[in-house]
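Comments concern the structure below.
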Amino acid sequence: MYCIIVGGGNVGYYLSKDLAAAGHEVLLLEKERQRAARLIEELGEIAVQGDGCEMRVMEEVGFGRADVIVAVTGEDEDNLVVCQMAKRKFGVPRTIARVNSPANEALFAKLGIDTTVSATRIIFNLLEQEIESDEVVPVAALSRGDLEIVQVELSPHSPVAGRRIGEVTMPAGAHIVAIIRQDRGLLPSPDTLLEAGDSVLALVTTARENELVATFGEA
Amino acid sequence: MRAIIVGCGRVGSTLARMLAESGHEVIVVDQTSDAFRRLGRNFTGTRVVGSGTDIDVLRRAGIEQAQVFVSVTDGDNRNIMAAQIARSVFNVGTVLTRIYDPSRAAAYRELGIQTICTTSIAANLMFDLSEGKPVGDLVAQIQAVRTRNGGKTPAVAAR
């Protein structure tokens, strides 16, 4: 797989190293000259100095034959333009953008970016999980945001604690996909007994996310 | 007509004053309040401090009732992103964006965004002038900044 990574900050640097170690063909583009020189010295020819938004550079490094473009600069607008140009001008099958402002996740999906990753959102969700039990926390958006995977940590007061999955009435279109119990993942069956402290992962249409609160949360 | 202008540099501030002096409702958005000094004391429009690529800031600026949106910051990608937000999220009727890089301007023009590439415009004009083609009137027309305000708006000389 040929991966082009745009943005030679910490995320781009470690991602390039890991992908190269996993046997993929990797190219890391960094715009800023001094930073690029340091990367070239350390990583060798997989690092290249250039602006990943410039057509000339994109042609030179082979956007046309890339399987995936990953844009991980610190600026959301740069990541957007890199991915859009890759898709529309070079037909790159898969584009992944880092977004710094969580509000931009939905926007990027609307503007044609395949996948977005927001560290801000992930950390926020982790903190929310630490603080609140029985709260439905979005973990990942699928299918351009129409489907979501959400996580609920069951408190001892949850109406479903102590009941079997088969006995729980789920909202239409919602499915339990996994249970995490003491750091181990369980695949659910109708006989699985839900316990307080379990993290329940469910697949749900975004429109019905709120109905899950009534199912799992405190009455 | 309500117009939102993102970026209060030379182009943004000049356009903002021209539109305001023509009686339009103008809202200028810039990340630094310092930039608003270019608008002068008599500017009748509204100044909003914030990022033009932030949906909340644009909503606060009143984009939902805007007929015209112009992004003229010094960053091509920022202009492109702001223009796409105006078009895709808020369905603004007329969306214009200034892009320095000709290839990027062409790419987004193909995607249906009205891009104005000042690099190409200036280079093409200078090319024609160098070859002695008769474009003098056009240059004068483009460059003469209208002086409705009794000549107080700084006019750019034609030559």
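A note on labels: chains of the structure tokens are A, B, ... as shown, every chain counts residues from 1, and ligands are counted from 1 in their shown order.
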Mind running chain A against chain B at 7 Å and telling me each contacting residue's nearest atom pair with the distance in Å (one decimal), counting only C-alpha atoms, chain and number ascending, as a Markdown table?
```
| residue | atom | partner | partner_atom | distance |
| --- | --- | --- | --- | --- |
| A:Met55 | CA | B:Ser103 | CA | 6.5 |
| A:Glu77 | CA | B:Asn77 | CA | 5.5 |
| A:Asp78 | CA | B:Asn77 | CA | 5.8 |
| A:Val81 | CA | B:Asn77 | CA | 6.3 |
```
Can I get the selection written as a tab-separated table (two decimals), in the first residue's frame, with N, CA and C atoms?
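Saved the output as out.tsv:
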```tsv
chain	number	residue	atom	x	y	z
A	55	MET	N	-0.20	21.61	-6.62
A	55	MET	CA	-0.35	20.60	-7.67
A	55	MET	C	0.99	20.02	-8.13
A	77	GLU	N	-7.82	23.65	7.89
A	77	GLU	CA	-8.09	24.04	6.50
A	77	GLU	C	-7.07	23.41	5.54
A	78	ASP	N	-5.83	23.25	5.99
A	78	ASP	CA	-4.82	22.60	5.14
A	78	ASP	C	-5.17	21.13	4.93
A	81	VAL	N	-8.02	20.80	2.38
A	81	VAL	CA	-7.65	21.05	0.99
A	81	VAL	C	-6.79	19.90	0.44
```
I need the residues of region 70-171 of chain A that end up classed as strand (DSSP E) by DSSP on the backbone, written out as a ChimeraX atom specification.
/A:70-71,94-98,115-117,137-142,147-153
Would you save the residues of that selection, restricted to N, CA and C atoms, as a PDB file, in the first residue's frame?
```
ATOM      1  N   VAL A  70      -3.080  10.715   4.059  1.00  0.00           N
ATOM      2  CA  VAL A  70      -3.391  11.060   5.434  1.00  0.00           C
ATOM      3  C   VAL A  70      -2.903  12.488   5.678  1.00  0.00           C
ATOM      4  N   ALA A  71      -3.806  13.406   5.993  1.00  0.00           N
ATOM      5  CA  ALA A  71      -3.422  14.801   6.221  1.00  0.00           C
ATOM      6  C   ALA A  71      -3.456  15.093   7.713  1.00  0.00           C
ATOM      7  N   ARG A  94      -8.774   6.738  -0.868  1.00  0.00           N
ATOM      8  CA  ARG A  94      -9.080   6.889   0.555  1.00  0.00           C
ATOM      9  C   ARG A  94      -8.357   8.105   1.117  1.00  0.00           C
ATOM     10  N   THR A  95      -9.090   8.955   1.806  1.00  0.00           N
ATOM     11  CA  THR A  95      -8.474  10.140   2.419  1.00  0.00           C
ATOM     12  C   THR A  95      -8.832  10.190   3.893  1.00  0.00           C
ATOM     13  N   ILE A  96      -7.824  10.476   4.703  1.00  0.00           N
ATOM     14  CA  ILE A  96      -8.030  10.559   6.150  1.00  0.00           C
ATOM     15  C   ILE A  96      -7.512  11.915   6.610  1.00  0.00           C
ATOM     16  N   ALA A  97      -8.332  12.674   7.336  1.00  0.00           N
ATOM     17  CA  ALA A  97      -7.908  13.993   7.803  1.00  0.00           C
ATOM     18  C   ALA A  97      -7.955  14.069   9.317  1.00  0.00           C
ATOM     19  N   ARG A  98      -6.914  14.698   9.878  1.00  0.00           N
ATOM     20  CA  ARG A  98      -6.947  15.024  11.290  1.00  0.00           C
ATOM     21  C   ARG A  98      -7.742  16.320  11.419  1.00  0.00           C
ATOM     22  N   THR A 115     -12.577   9.811   6.089  1.00  0.00           N
ATOM     23  CA  THR A 115     -12.456   9.552   7.521  1.00  0.00           C
ATOM     24  C   THR A 115     -11.839  10.759   8.209  1.00  0.00           C
ATOM     25  N   THR A 116     -12.356  11.105   9.368  1.00  0.00           N
ATOM     26  CA  THR A 116     -11.717  12.169  10.149  1.00  0.00           C
ATOM     27  C   THR A 116     -11.357  11.614  11.519  1.00  0.00           C
ATOM     28  N   VAL A 117     -10.277  12.154  12.078  1.00  0.00           N
ATOM     29  CA  VAL A 117      -9.852  11.759  13.416  1.00  0.00           C
ATOM     30  C   VAL A 117      -9.658  13.030  14.236  1.00  0.00           C
ATOM     31  N   VAL A 137     -22.174   7.848  25.340  1.00  0.00           N
ATOM     32  CA  VAL A 137     -21.065   8.632  24.813  1.00  0.00           C
ATOM     33  C   VAL A 137     -20.761   8.192  23.383  1.00  0.00           C
ATOM     34  N   PRO A 138     -20.766   9.110  22.416  1.00  0.00           N
ATOM     35  CA  PRO A 138     -20.420   8.711  21.046  1.00  0.00           C
ATOM     36  C   PRO A 138     -18.944   8.314  20.958  1.00  0.00           C
ATOM     37  N   VAL A 139     -18.664   7.187  20.355  1.00  0.00           N
ATOM     38  CA  VAL A 139     -17.282   6.720  20.225  1.00  0.00           C
ATOM     39  C   VAL A 139     -16.783   6.916  18.806  1.00  0.00           C
ATOM     40  N   ALA A 140     -17.651   6.599  17.825  1.00  0.00           N
ATOM     41  CA  ALA A 140     -17.227   6.737  16.430  1.00  0.00           C
ATOM     42  C   ALA A 140     -18.445   6.978  15.554  1.00  0.00           C
ATOM     43  N   ALA A 141     -18.258   7.819  14.550  1.00  0.00           N
ATOM     44  CA  ALA A 141     -19.316   8.059  13.566  1.00  0.00           C
ATOM     45  C   ALA A 141     -19.029   7.218  12.338  1.00  0.00           C
ATOM     46  N   LEU A 142     -20.026   6.539  11.835  1.00  0.00           N
ATOM     47  CA  LEU A 142     -19.859   5.693  10.660  1.00  0.00           C
ATOM     48  C   LEU A 142     -20.761   6.200   9.552  1.00  0.00           C
ATOM     49  N   LEU A 147     -24.691   6.717  11.161  1.00  0.00           N
ATOM     50  CA  LEU A 147     -24.626   5.642  12.151  1.00  0.00           C
ATOM     51  C   LEU A 147     -23.538   5.975  13.156  1.00  0.00           C
ATOM     52  N   GLU A 148     -23.771   5.538  14.397  1.00  0.00           N
ATOM     53  CA  GLU A 148     -22.789   5.828  15.432  1.00  0.00           C
ATOM     54  C   GLU A 148     -22.541   4.587  16.268  1.00  0.00           C
ATOM     55  N   ILE A 149     -21.322   4.473  16.768  1.00  0.00           N
ATOM     56  CA  ILE A 149     -21.087   3.515  17.835  1.00  0.00           C
ATOM     57  C   ILE A 149     -21.039   4.321  19.124  1.00  0.00           C
ATOM     58  N   VAL A 150     -21.839   3.934  20.087  1.00  0.00           N
ATOM     59  CA  VAL A 150     -21.852   4.670  21.356  1.00  0.00           C
ATOM     60  C   VAL A 150     -21.481   3.710  22.485  1.00  0.00           C
ATOM     61  N   GLN A 151     -21.052   4.288  23.583  1.00  0.00           N
ATOM     62  CA  GLN A 151     -20.643   3.480  24.723  1.00  0.00           C
ATOM     63  C   GLN A 151     -21.404   3.948  25.962  1.00  0.00           C
ATOM     64  N   VAL A 152     -21.854   2.987  26.759  1.00  0.00           N
ATOM     65  CA  VAL A 152     -22.550   3.310  28.008  1.00  0.00           C
ATOM     66  C   VAL A 152     -21.911   2.490  29.113  1.00  0.00           C
ATOM     67  N   GLU A 153     -21.524   3.143  30.190  1.00  0.00           N
ATOM     68  CA  GLU A 153     -21.030   2.381  31.339  1.00  0.00           C
ATOM     69  C   GLU A 153     -22.180   2.220  32.317  1.00  0.00           C
TER      70      GLU A 153
END
```
Mind checking DSSP for region 31-141 of chain B and telling me the alpha helix (DSSP H) residues as a PyMOL selection string?
chain B and resi 55-60+76-84+102-110+118-130+136-141
Written selection (C-alpha atoms) as a PDB file, in the first residue's frame:
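The resulting file, selection35.pdb, is reproduced below:
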```
ATOM      1  CA  ILE B  55     -19.128  27.876  12.061  1.00  0.00           C
ATOM      2  CA  ASP B  56     -20.106  29.452  15.399  1.00  0.00           C
ATOM      3  CA  VAL B  57     -18.261  32.688  14.590  1.00  0.00           C
ATOM      4  CA  LEU B  58     -19.924  32.894  11.168  1.00  0.00           C
ATOM      5  CA  ARG B  59     -23.325  32.312  12.712  1.00  0.00           C
ATOM      6  CA  ARG B  60     -22.622  35.076  15.232  1.00  0.00           C
ATOM      7  CA  ASP B  76      -5.624  30.212   0.281  1.00  0.00           C
ATOM      8  CA  ASN B  77      -6.794  27.164   2.211  1.00  0.00           C
ATOM      9  CA  ARG B  78      -8.528  29.248   4.846  1.00  0.00           C
ATOM     10  CA  ASN B  79     -10.391  31.104   2.078  1.00  0.00           C
ATOM     11  CA  ILE B  80     -11.353  27.830   0.404  1.00  0.00           C
ATOM     12  CA  MET B  81     -12.640  26.310   3.639  1.00  0.00           C
ATOM     13  CA  ALA B  82     -14.595  29.445   4.609  1.00  0.00           C
ATOM     14  CA  ALA B  83     -16.183  29.601   1.145  1.00  0.00           C
ATOM     15  CA  GLN B  84     -17.213  25.943   1.326  1.00  0.00           C
ATOM     16  CA  PRO B 102      -3.593  29.449  -9.879  1.00  0.00           C
ATOM     17  CA  SER B 103      -3.781  25.636  -9.847  1.00  0.00           C
ATOM     18  CA  ARG B 104      -5.766  25.596  -6.614  1.00  0.00           C
ATOM     19  CA  ALA B 105      -8.042  28.336  -7.978  1.00  0.00           C
ATOM     20  CA  ALA B 106      -8.700  26.257 -11.091  1.00  0.00           C
ATOM     21  CA  ALA B 107      -9.349  23.087  -9.078  1.00  0.00           C
ATOM     22  CA  TYR B 108     -11.960  24.724  -6.861  1.00  0.00           C
ATOM     23  CA  ARG B 109     -13.522  26.585  -9.774  1.00  0.00           C
ATOM     24  CA  GLU B 110     -14.197  23.138 -11.252  1.00  0.00           C
ATOM     25  CA  THR B 118      -5.332  37.705  -8.437  1.00  0.00           C
ATOM     26  CA  THR B 119      -2.013  36.122  -9.477  1.00  0.00           C
ATOM     27  CA  SER B 120      -3.408  35.052 -12.857  1.00  0.00           C
ATOM     28  CA  ILE B 121      -5.303  38.316 -13.352  1.00  0.00           C
ATOM     29  CA  ALA B 122      -2.212  40.459 -12.705  1.00  0.00           C
ATOM     30  CA  ALA B 123       0.120  38.217 -14.717  1.00  0.00           C
ATOM     31  CA  ASN B 124      -2.243  38.080 -17.699  1.00  0.00           C
ATOM     32  CA  LEU B 125      -2.763  41.839 -17.691  1.00  0.00           C
ATOM     33  CA  MET B 126       0.971  42.504 -17.452  1.00  0.00           C
ATOM     34  CA  PHE B 127       1.628  39.995 -20.206  1.00  0.00           C
ATOM     35  CA  ASP B 128      -0.833  41.738 -22.515  1.00  0.00           C
ATOM     36  CA  LEU B 129       0.577  45.156 -21.592  1.00  0.00           C
ATOM     37  CA  SER B 130       4.123  43.890 -22.229  1.00  0.00           C
ATOM     38  CA  GLY B 136      -5.247  50.305 -20.913  1.00  0.00           C
ATOM     39  CA  ASP B 137      -8.901  51.202 -20.386  1.00  0.00           C
ATOM     40  CA  LEU B 138      -9.573  47.889 -18.687  1.00  0.00           C
ATOM     41  CA  VAL B 139      -6.655  48.375 -16.279  1.00  0.00           C
ATOM     42  CA  ALA B 140      -7.906  51.836 -15.407  1.00  0.00           C
ATOM     43  CA  GLN B 141     -11.410  50.521 -14.850  1.00  0.00           C
TER      44      GLN B 141
END
```
I'd like the interatomic distance between CA of Ser22 (chain B) and CA of Thr73 (chain B), to a tenth of an Å.
22.7 Å
Skip Ser13 (chain B) itself and residues of its chain fewer than 5 positions away, then list as a list of chain:residue names all residues within 12 Å of it, counting only C-alpha atoms.
B:Ile4, B:Ile5, B:Val6, B:Gly7, B:Cys8, B:Met18, B:Leu19, B:Ala20, B:Val26, B:Ile27, B:Val28, B:Val29, B:Asp30, B:Ala35, B:Phe36, B:Arg37, B:Arg38, B:Leu39, B:Gly40, B:Phe43, B:Gly45, B:Thr46, B:Arg47, B:Val70, B:Ser71, B:Val72, B:Thr73, B:Thr153, B:Pro154
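Computed from the coordinates, the CA of Ile176 (chain A) to CA of Ile122 (chain A) distance equals 20.9 Å.
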